[in-house]
>>> print(open('upload-v3.csv').read())   # CSV, C-alpha atoms
chain,number,residue,atom,x,y,z
S,1,MET,CA,-15.9,21.6,5.6
S,2,ASN,CA,-12.6,19.8,5.4
S,3,GLU,CA,-13.3,16.6,7.4
S,4,PHE,CA,-9.7,15.3,7.1
S,5,MET,CA,-8.4,18.5,8.7
S,6,ALA,CA,-11.0,18.3,11.4
S,7,GLN,CA,-10.2,14.7,12.2
S,8,TYR,CA,-6.4,15.0,12.1
S,9,SER,CA,-5.8,18.7,12.9
S,10,ASP,CA,-2.9,18.2,15.3
S,11,GLU,CA,-1.1,15.7,13.2
S,12,ILE,CA,-1.5,17.8,10.0
S,13,LYS,CA,-0.2,20.9,11.8
S,14,LYS,CA,2.9,18.9,13.1
S,15,THR,CA,3.5,17.6,9.6
S,16,LEU,CA,3.3,21.0,7.9
S,17,ALA,CA,5.5,22.6,10.6
S,18,LYS,CA,8.4,20.6,9.1
S,19,TYR,CA,8.2,22.6,5.9
S,20,PRO,CA,8.6,26.3,5.1
S,21,PRO,CA,5.1,27.7,4.4
S,22,GLU,CA,5.9,28.4,0.8
S,23,ASN,CA,6.8,24.7,0.4
S,24,LYS,CA,4.0,23.1,2.3
S,25,ARG,CA,3.2,21.0,-0.8
S,26,SER,CA,6.1,18.9,0.3
S,27,GLY,CA,3.9,17.4,3.0
S,28,VAL,CA,1.8,15.5,0.4
S,29,MET,CA,3.3,12.1,1.1
S,30,PRO,CA,3.1,12.2,4.9
S,31,LEU,CA,-0.5,13.5,4.7
S,32,LEU,CA,-1.4,10.7,2.2
S,33,TYR,CA,0.1,8.1,4.6
S,34,LEU,CA,-2.0,9.6,7.4
S,35,ALA,CA,-5.1,9.4,5.3
S,36,GLN,CA,-4.5,5.8,4.4
S,37,ARG,CA,-3.7,4.7,7.9
S,38,GLU,CA,-7.2,4.0,9.1
S,39,LEU,CA,-9.0,2.5,6.0
S,40,GLY,CA,-6.0,1.1,4.2
S,41,TYR,CA,-6.7,3.2,1.2
S,42,ILE,CA,-7.3,6.9,0.3
S,43,GLN,CA,-10.7,8.1,-0.6
S,44,LYS,CA,-11.3,10.6,-3.5
S,45,ARG,CA,-12.8,13.0,-1.0
S,46,THR,CA,-9.6,12.9,1.1
S,47,ILE,CA,-7.4,13.5,-2.0
S,48,ASP,CA,-9.5,16.7,-2.6
S,49,GLU,CA,-9.2,17.7,1.1
S,50,ILE,CA,-5.4,17.2,1.1
S,51,ALA,CA,-5.2,19.3,-2.1
S,52,GLU,CA,-7.1,22.1,-0.3
S,53,ILE,CA,-4.8,22.0,2.7
S,54,LEU,CA,-1.7,22.1,0.6
S,55,GLU,CA,-3.1,24.6,-1.9
S,56,ILE,CA,-2.4,22.4,-4.9
S,57,THR,CA,-4.7,20.6,-7.3
S,58,SER,CA,-6.4,17.3,-6.7
S,59,THR,CA,-4.7,16.0,-9.8
S,60,GLU,CA,-1.3,16.7,-8.3
S,61,VAL,CA,-2.2,14.8,-5.1
S,62,ALA,CA,-3.8,11.9,-7.1
S,63,SER,CA,-0.7,11.7,-9.3
S,64,VAL,CA,1.4,10.9,-6.2
S,65,VAL,CA,-1.1,8.2,-5.2
S,66,GLY,CA,-1.0,6.7,-8.7
S,67,PHE,CA,2.8,6.8,-8.9
S,68,TYR,CA,3.9,5.2,-5.6
S,69,THR,CA,3.0,1.6,-4.8
S,70,LEU,CA,2.7,2.5,-1.1
S,71,TYR,CA,-0.6,4.3,-1.7
S,72,HIS,CA,-3.9,2.8,-2.6
S,73,ASP,CA,-7.0,4.5,-4.0
S,74,GLN,CA,-9.2,1.4,-3.8
S,75,PRO,CA,-10.2,-0.8,-0.9
S,76,GLY,CA,-8.2,-4.1,-0.7
S,77,GLY,CA,-7.2,-6.8,1.6
S,78,ARG,CA,-5.5,-6.4,4.9
S,79,TYR,CA,-2.3,-7.1,3.1
S,80,HIS,CA,-1.1,-6.0,-0.3
S,81,MET,CA,1.3,-8.5,-2.0
S,82,GLN,CA,2.9,-6.5,-4.8
S,83,ILE,CA,4.8,-8.7,-7.2
S,84,CYS,CA,7.4,-7.0,-9.5
S,85,THR,CA,7.0,-8.1,-13.1
S,86,ASP,CA,9.3,-5.6,-15.0
S,87,LEU,CA,11.5,-7.1,-17.7
S,88,PRO,CA,14.5,-8.2,-15.5
S,89,CYS,CA,12.1,-9.9,-13.1
S,90,ALA,CA,10.1,-11.4,-15.9
S,91,LEU,CA,13.2,-13.0,-17.2
S,92,ARG,CA,13.7,-14.6,-13.9
S,93,GLY,CA,10.2,-16.1,-13.8
S,94,ALA,CA,8.1,-13.4,-12.2
S,95,ASP,CA,5.2,-13.5,-14.7
S,96,GLN,CA,4.8,-17.2,-14.2
S,97,PHE,CA,5.2,-16.8,-10.4
S,98,LEU,CA,2.4,-14.2,-10.4
S,99,GLN,CA,0.0,-16.4,-12.5
S,100,ASP,CA,0.7,-19.5,-10.5
S,101,LEU,CA,0.2,-17.7,-7.2
S,102,CYS,CA,-3.1,-16.2,-8.4
S,103,GLY,CA,-4.2,-19.6,-9.7
S,104,ASN,CA,-3.5,-21.2,-6.3
S,105,LEU,CA,-5.5,-18.5,-4.5
S,106,GLY,CA,-8.3,-18.6,-7.0
S,107,ILE,CA,-8.1,-14.9,-7.9
S,108,LYS,CA,-6.9,-12.7,-10.7
S,109,VAL,CA,-4.3,-10.0,-10.5
S,110,GLY,CA,-5.8,-7.0,-8.7
S,111,GLU,CA,-8.3,-9.0,-6.8
S,112,THR,CA,-8.5,-9.8,-3.1
S,113,SER,CA,-8.8,-13.3,-1.6
S,114,ASP,CA,-12.2,-14.4,-0.5
S,115,ASP,CA,-11.3,-14.0,3.2
S,116,GLY,CA,-10.3,-10.3,2.6
S,117,LEU,CA,-6.7,-11.0,3.7
S,118,VAL,CA,-4.6,-10.5,0.6
S,119,THR,CA,-4.8,-8.4,-2.5
S,120,ILE,CA,-2.4,-9.4,-5.3
S,121,GLU,CA,-1.0,-6.5,-7.3
S,122,GLU,CA,1.4,-6.4,-10.2
S,123,VAL,CA,4.0,-3.6,-9.9
S,124,THR,CA,7.2,-2.5,-11.6
S,125,CYS,CA,10.6,-2.2,-10.1
S,126,LEU,CA,10.9,-2.9,-6.4
S,127,GLY,CA,14.7,-2.8,-6.7
S,128,GLY,CA,15.4,-6.5,-6.3
S,129,CYS,CA,15.5,-7.8,-9.9
S,130,HIS,CA,18.6,-9.9,-9.3
S,131,ARG,CA,16.6,-11.9,-6.7
S,132,ALA,CA,13.3,-12.3,-8.6
S,133,PRO,CA,10.7,-13.5,-8.3
S,134,MET,CA,10.2,-11.1,-5.5
S,135,PHE,CA,7.4,-9.1,-3.9
S,136,GLN,CA,6.8,-6.5,-1.2
S,137,LEU,CA,4.2,-7.2,1.4
S,138,GLN,CA,2.4,-4.2,2.9
S,139,GLY,CA,0.0,-4.5,5.8
S,140,GLU,CA,-0.7,-3.3,9.3
S,141,GLY,CA,1.8,-0.5,9.1
S,142,ASP,CA,4.7,-2.7,8.0
S,143,ILE,CA,6.5,-3.4,4.7
S,144,SER,CA,8.6,-6.5,4.1
S,145,PHE,CA,10.5,-7.7,1.0
S,146,HIS,CA,10.5,-11.3,0.0
S,147,GLU,CA,13.1,-12.3,-2.6
S,148,ASN,CA,14.0,-15.6,-4.5
S,149,GLN,CA,10.4,-16.7,-4.0
S,150,THR,CA,8.6,-19.8,-5.0
S,151,VAL,CA,4.8,-20.2,-5.1
S,152,ASP,CA,5.0,-22.7,-2.2
S,153,ALA,CA,7.0,-20.2,0.0
S,154,ALA,CA,4.5,-17.4,-0.8
S,155,LEU,CA,1.5,-19.6,0.0
S,156,GLN,CA,3.2,-20.6,3.3
S,157,LEU,CA,3.6,-16.9,4.1
S,158,ILE,CA,-0.1,-16.3,3.4
S,159,ALA,CA,-1.0,-19.3,5.6
S,160,GLU,CA,1.0,-17.7,8.4
S,161,LEU,CA,-0.8,-14.3,7.9
S,162,LYS,CA,-4.1,-16.2,8.1
S,163,LYS,CA,-3.1,-17.8,11.3
S,164,LYS,CA,-2.0,-14.5,12.9
S,165,ALA,CA,-5.3,-12.9,11.7
S,166,ALA,CA,-7.3,-15.7,13.2
S,167,GLU,CA,-5.4,-15.5,16.5
S,168,ARG,CA,-5.9,-11.7,16.6
S,169,GLU,CA,-9.6,-12.0,16.0
S,170,GLY,CA,-9.9,-14.7,18.6
S,171,LYS,CA,-8.4,-12.4,21.2
S,172,ASN,CA,-10.7,-9.5,20.1
S,173,ALA,CA,-13.8,-11.7,20.3
>>> encode(input="upload-v3.csv", output="structure tokens")
Amino acid sequence: MNEFMAQYSDEIKKTLAKYPPENKRSGVMPLLYLAQRELGYIQKRTIDEIAEILEITSTEVASVVGFYTLYHDQPGGRYHMQICTDLPCALRGADQFLQDLCGNLGIKVGETSDDGLVTIEEVTCLGGCHRAPMFQLQGEGDISFHENQTVDAALQLIAELKKKAAEREGKNA
């Protein structure tokens, strides 16, 4: 049984209605976004189920997950801080920024902070090389870009995210 289809039947049908039946594979990205919405990442089982719905291979679905920085196939923090380190960004200090930020947080690239708030990821080309160091921050359904960064500014942003998370949890307690 396809659990993803059972759980999101109406939303999947609405998504697929946007595409001609012979091109329903074009719905892969919206379905992946839907699959990631609840847990913050896409499980292997769900990749297989999306492939079944779209009548394509699991490898084709997984390749989309692997290519785009907006999709995650592993659990992570509430926020994903993705720092661009391609060559133009590296020439503007992105590599050092990444290492210093991780050092300040006490984690390595790819790891999540102890409080589960932030996962630091290294990515290539976010389209802002002329304003590096830069990163995109994904979390809670939002994406924001932060350019001309310093480690202090990034740590201040993380402190603000912690404060918001604490306020939210205090209201939900």
>>> closest_residue(input="upload-v3.csv", among="S:His72, S:His80, S:Arg131, S:Arg92", to="Val109 in chain S", atoms="all atoms listed in the file")
S:His80
>>> atom_distance(input="upload-v3.csv", atom1="CA of Tyr68 in chain S", atom2="CA of Lys163 in chain S")
29.4 Å
>>> closest_residue(input="upload-v3.csv", among="S:Glu167, S:Glu3, S:Asp10, S:Asp142", to="Thr46 in chain S", atoms="all atoms listed in the file")
S:Glu3
>>> closest_residue(input="upload-v3.csv", among="S:Pro133, S:Gly127, S:Gly27, S:Gly116", to="Arg78 in chain S", atoms="only C-alpha atoms")
S:Gly116
>>> residues_around(input="upload-v3.csv", residues="Leu39 in chain S", least_positions_apart="4", cutoff="9 Å", atoms="all atoms listed in the file", output="VMD selection string")
chain S and resid 35 43 75
>>> atom_distance(input="upload-v3.csv", atom1="CA of Ala166 in chain S", atom2="CA of Gly76 in chain S")
18.1 Å
>>> residues_around(input="upload-v3.csv", residues="Thr85 in chain S", least_positions_apart="2", cutoff="7 Å", atoms="all atoms listed in the file", output="PDB file with C-alpha atoms, keeping the file's coordinate frame")
ATOM      1  CA  ILE S  83       4.800  -8.700  -7.200  1.00  0.00           C
ATOM      2  CA  LEU S  87      11.500  -7.100 -17.700  1.00  0.00           C
ATOM      3  CA  CYS S  89      12.100  -9.900 -13.100  1.00  0.00           C
ATOM      4  CA  ALA S  90      10.100 -11.400 -15.900  1.00  0.00           C
ATOM      5  CA  ALA S  94       8.100 -13.400 -12.200  1.00  0.00           C
ATOM      6  CA  ASP S  95       5.200 -13.500 -14.700  1.00  0.00           C
ATOM      7  CA  GLU S 122       1.400  -6.400 -10.200  1.00  0.00           C
ATOM      8  CA  VAL S 123       4.000  -3.600  -9.900  1.00  0.00           C
ATOM      9  CA  THR S 124       7.200  -2.500 -11.600  1.00  0.00           C
TER      10      THR S 124
END
>>> atom_distance(input="upload-v3.csv", atom1="CA of Glu111 in chain S", atom2="CA of Arg45 in chain S")
23.2 Å
>>> residues_around(input="upload-v3.csv", residues="Lys108 in chain S", least_positions_apart="6", cutoff="10 Å", atoms="all atoms listed in the file", output="MDAnalysis selection string")
chainID S and resid 98:99 101:102 119:121
>>> write_last_selection(input="upload-v3.csv", atoms="C-alpha atoms", output="PDB file, keeping the file's coordinate frame")
ATOM      1  CA  LEU S  98       2.400 -14.200 -10.400  1.00  0.00           C
ATOM      2  CA  GLN S  99       0.000 -16.400 -12.500  1.00  0.00           C
ATOM      3  CA  LEU S 101       0.200 -17.700  -7.200  1.00  0.00           C
ATOM      4  CA  CYS S 102      -3.100 -16.200  -8.400  1.00  0.00           C
ATOM      5  CA  THR S 119      -4.800  -8.400  -2.500  1.00  0.00           C
ATOM      6  CA  ILE S 120      -2.400  -9.400  -5.300  1.00  0.00           C
ATOM      7  CA  GLU S 121      -1.000  -6.500  -7.300  1.00  0.00           C
TER       8      GLU S 121
END
>>> decode(input="upload-v3.csv", residues="range 72-108 of chain S", atoms="N, CA, C and O atoms", output="compact mmCIF listing (two decimals), in the first residue's frame")
# COMPACT_ATOMS: atom_id res chain seq x y z
N HIS S 72 16.01 17.28 1.43
CA HIS S 72 16.92 16.60 2.36
C HIS S 72 16.48 15.14 2.50
O HIS S 72 15.30 14.87 2.66
N ASP S 73 17.45 14.24 2.46
CA ASP S 73 17.13 12.82 2.60
C ASP S 73 17.59 12.26 3.95
O ASP S 73 17.57 11.06 4.16
N GLN S 74 18.00 13.16 4.84
CA GLN S 74 18.41 12.76 6.19
C GLN S 74 17.80 13.74 7.18
O GLN S 74 17.62 14.92 6.87
N PRO S 75 17.50 13.28 8.39
CA PRO S 75 17.01 14.22 9.40
C PRO S 75 18.07 15.26 9.71
O PRO S 75 19.26 15.01 9.58
N GLY S 76 17.64 16.42 10.10
CA GLY S 76 18.57 17.49 10.45
C GLY S 76 17.91 18.42 11.44
O GLY S 76 16.88 18.10 12.04
N GLY S 77 18.50 19.58 11.58
CA GLY S 77 17.97 20.57 12.50
C GLY S 77 16.70 21.21 11.98
O GLY S 77 16.29 21.00 10.84
N ARG S 78 16.10 22.01 12.83
CA ARG S 78 14.90 22.75 12.44
C ARG S 78 15.23 23.69 11.28
O ARG S 78 14.40 23.97 10.43
N TYR S 79 16.48 24.17 11.26
CA TYR S 79 16.95 25.05 10.19
C TYR S 79 18.16 24.43 9.52
O TYR S 79 18.99 23.81 10.17
N HIS S 80 18.24 24.63 8.22
CA HIS S 80 19.41 24.21 7.45
C HIS S 80 20.10 25.47 6.96
O HIS S 80 19.53 26.25 6.20
N MET S 81 21.32 25.67 7.44
CA MET S 81 22.13 26.80 7.02
C MET S 81 23.09 26.27 5.96
O MET S 81 24.00 25.50 6.27
N GLN S 82 22.86 26.66 4.72
CA GLN S 82 23.62 26.14 3.60
C GLN S 82 24.57 27.21 3.09
O GLN S 82 24.15 28.22 2.54
N ILE S 83 25.85 26.95 3.30
CA ILE S 83 26.89 27.92 2.98
C ILE S 83 27.53 27.54 1.66
O ILE S 83 27.99 26.42 1.47
N CYS S 84 27.55 28.51 0.73
CA CYS S 84 28.13 28.29 -0.59
C CYS S 84 29.64 28.39 -0.50
O CYS S 84 30.17 29.37 0.04
N THR S 85 30.33 27.36 -1.03
CA THR S 85 31.79 27.35 -1.01
C THR S 85 32.38 27.07 -2.39
O THR S 85 33.50 26.58 -2.49
N ASP S 86 31.63 27.40 -3.45
CA ASP S 86 32.22 27.19 -4.76
C ASP S 86 33.41 28.15 -4.93
O ASP S 86 33.68 28.98 -4.06
N LEU S 87 34.13 28.04 -6.03
CA LEU S 87 35.39 28.78 -6.18
C LEU S 87 35.24 30.30 -6.00
O LEU S 87 35.99 30.90 -5.22
N PRO S 88 34.29 30.96 -6.67
CA PRO S 88 34.20 32.41 -6.47
C PRO S 88 33.91 32.78 -5.00
O PRO S 88 34.47 33.74 -4.48
N CYS S 89 33.07 32.00 -4.34
CA CYS S 89 32.78 32.27 -2.93
C CYS S 89 34.00 31.98 -2.06
O CYS S 89 34.28 32.72 -1.11
N ALA S 90 34.71 30.91 -2.38
CA ALA S 90 35.92 30.57 -1.63
C ALA S 90 36.95 31.70 -1.74
O ALA S 90 37.62 32.03 -0.76
N LEU S 91 37.05 32.29 -2.90
CA LEU S 91 37.99 33.40 -3.08
C LEU S 91 37.61 34.62 -2.24
O LEU S 91 38.44 35.47 -1.97
N ARG S 92 36.36 34.68 -1.84
CA ARG S 92 35.88 35.78 -0.99
C ARG S 92 35.78 35.36 0.48
O ARG S 92 35.13 36.02 1.27
N GLY S 93 36.38 34.22 0.83
CA GLY S 93 36.48 33.82 2.24
C GLY S 93 35.45 32.84 2.74
O GLY S 93 35.34 32.61 3.95
N ALA S 94 34.70 32.22 1.85
CA ALA S 94 33.63 31.32 2.28
C ALA S 94 34.15 30.09 3.03
O ALA S 94 33.52 29.65 4.00
N ASP S 95 35.26 29.52 2.59
CA ASP S 95 35.80 28.34 3.26
C ASP S 95 36.15 28.65 4.72
O ASP S 95 35.81 27.89 5.63
N GLN S 96 36.83 29.77 4.91
CA GLN S 96 37.21 30.16 6.26
C GLN S 96 35.97 30.48 7.10
O GLN S 96 35.88 30.11 8.27
N PHE S 97 35.00 31.16 6.50
CA PHE S 97 33.74 31.47 7.18
C PHE S 97 33.08 30.18 7.66
O PHE S 97 32.67 30.08 8.82
N LEU S 98 32.99 29.19 6.78
CA LEU S 98 32.37 27.91 7.12
C LEU S 98 33.10 27.24 8.29
O LEU S 98 32.46 26.81 9.26
N GLN S 99 34.42 27.17 8.21
CA GLN S 99 35.18 26.51 9.27
C GLN S 99 35.06 27.26 10.60
O GLN S 99 34.89 26.65 11.66
N ASP S 100 35.12 28.59 10.55
CA ASP S 100 35.02 29.38 11.77
C ASP S 100 33.63 29.27 12.40
O ASP S 100 33.49 29.18 13.62
N LEU S 101 32.60 29.28 11.56
CA LEU S 101 31.24 29.15 12.08
C LEU S 101 31.05 27.79 12.76
O LEU S 101 30.54 27.71 13.88
N CYS S 102 31.48 26.74 12.07
CA CYS S 102 31.37 25.40 12.67
C CYS S 102 32.17 25.32 13.96
O CYS S 102 31.70 24.75 14.95
N GLY S 103 33.35 25.91 13.98
CA GLY S 103 34.17 25.91 15.19
C GLY S 103 33.46 26.60 16.35
O GLY S 103 33.49 26.11 17.49
N ASN S 104 32.81 27.71 16.07
CA ASN S 104 32.08 28.43 17.11
C ASN S 104 30.88 27.64 17.61
O ASN S 104 30.49 27.77 18.77
N LEU S 105 30.28 26.84 16.75
CA LEU S 105 29.12 26.04 17.13
C LEU S 105 29.51 24.69 17.72
O LEU S 105 28.66 23.97 18.25
N GLY S 106 30.78 24.33 17.58
CA GLY S 106 31.26 23.05 18.11
C GLY S 106 30.78 21.85 17.31
O GLY S 106 30.61 20.77 17.87
N ILE S 107 30.57 22.06 16.02
CA ILE S 107 30.14 20.96 15.14
C ILE S 107 30.99 20.97 13.87
O ILE S 107 31.73 21.91 13.60
N LYS S 108 30.85 19.89 13.10
CA LYS S 108 31.51 19.79 11.81
C LYS S 108 30.48 20.04 10.72
O LYS S 108 29.27 19.95 10.95
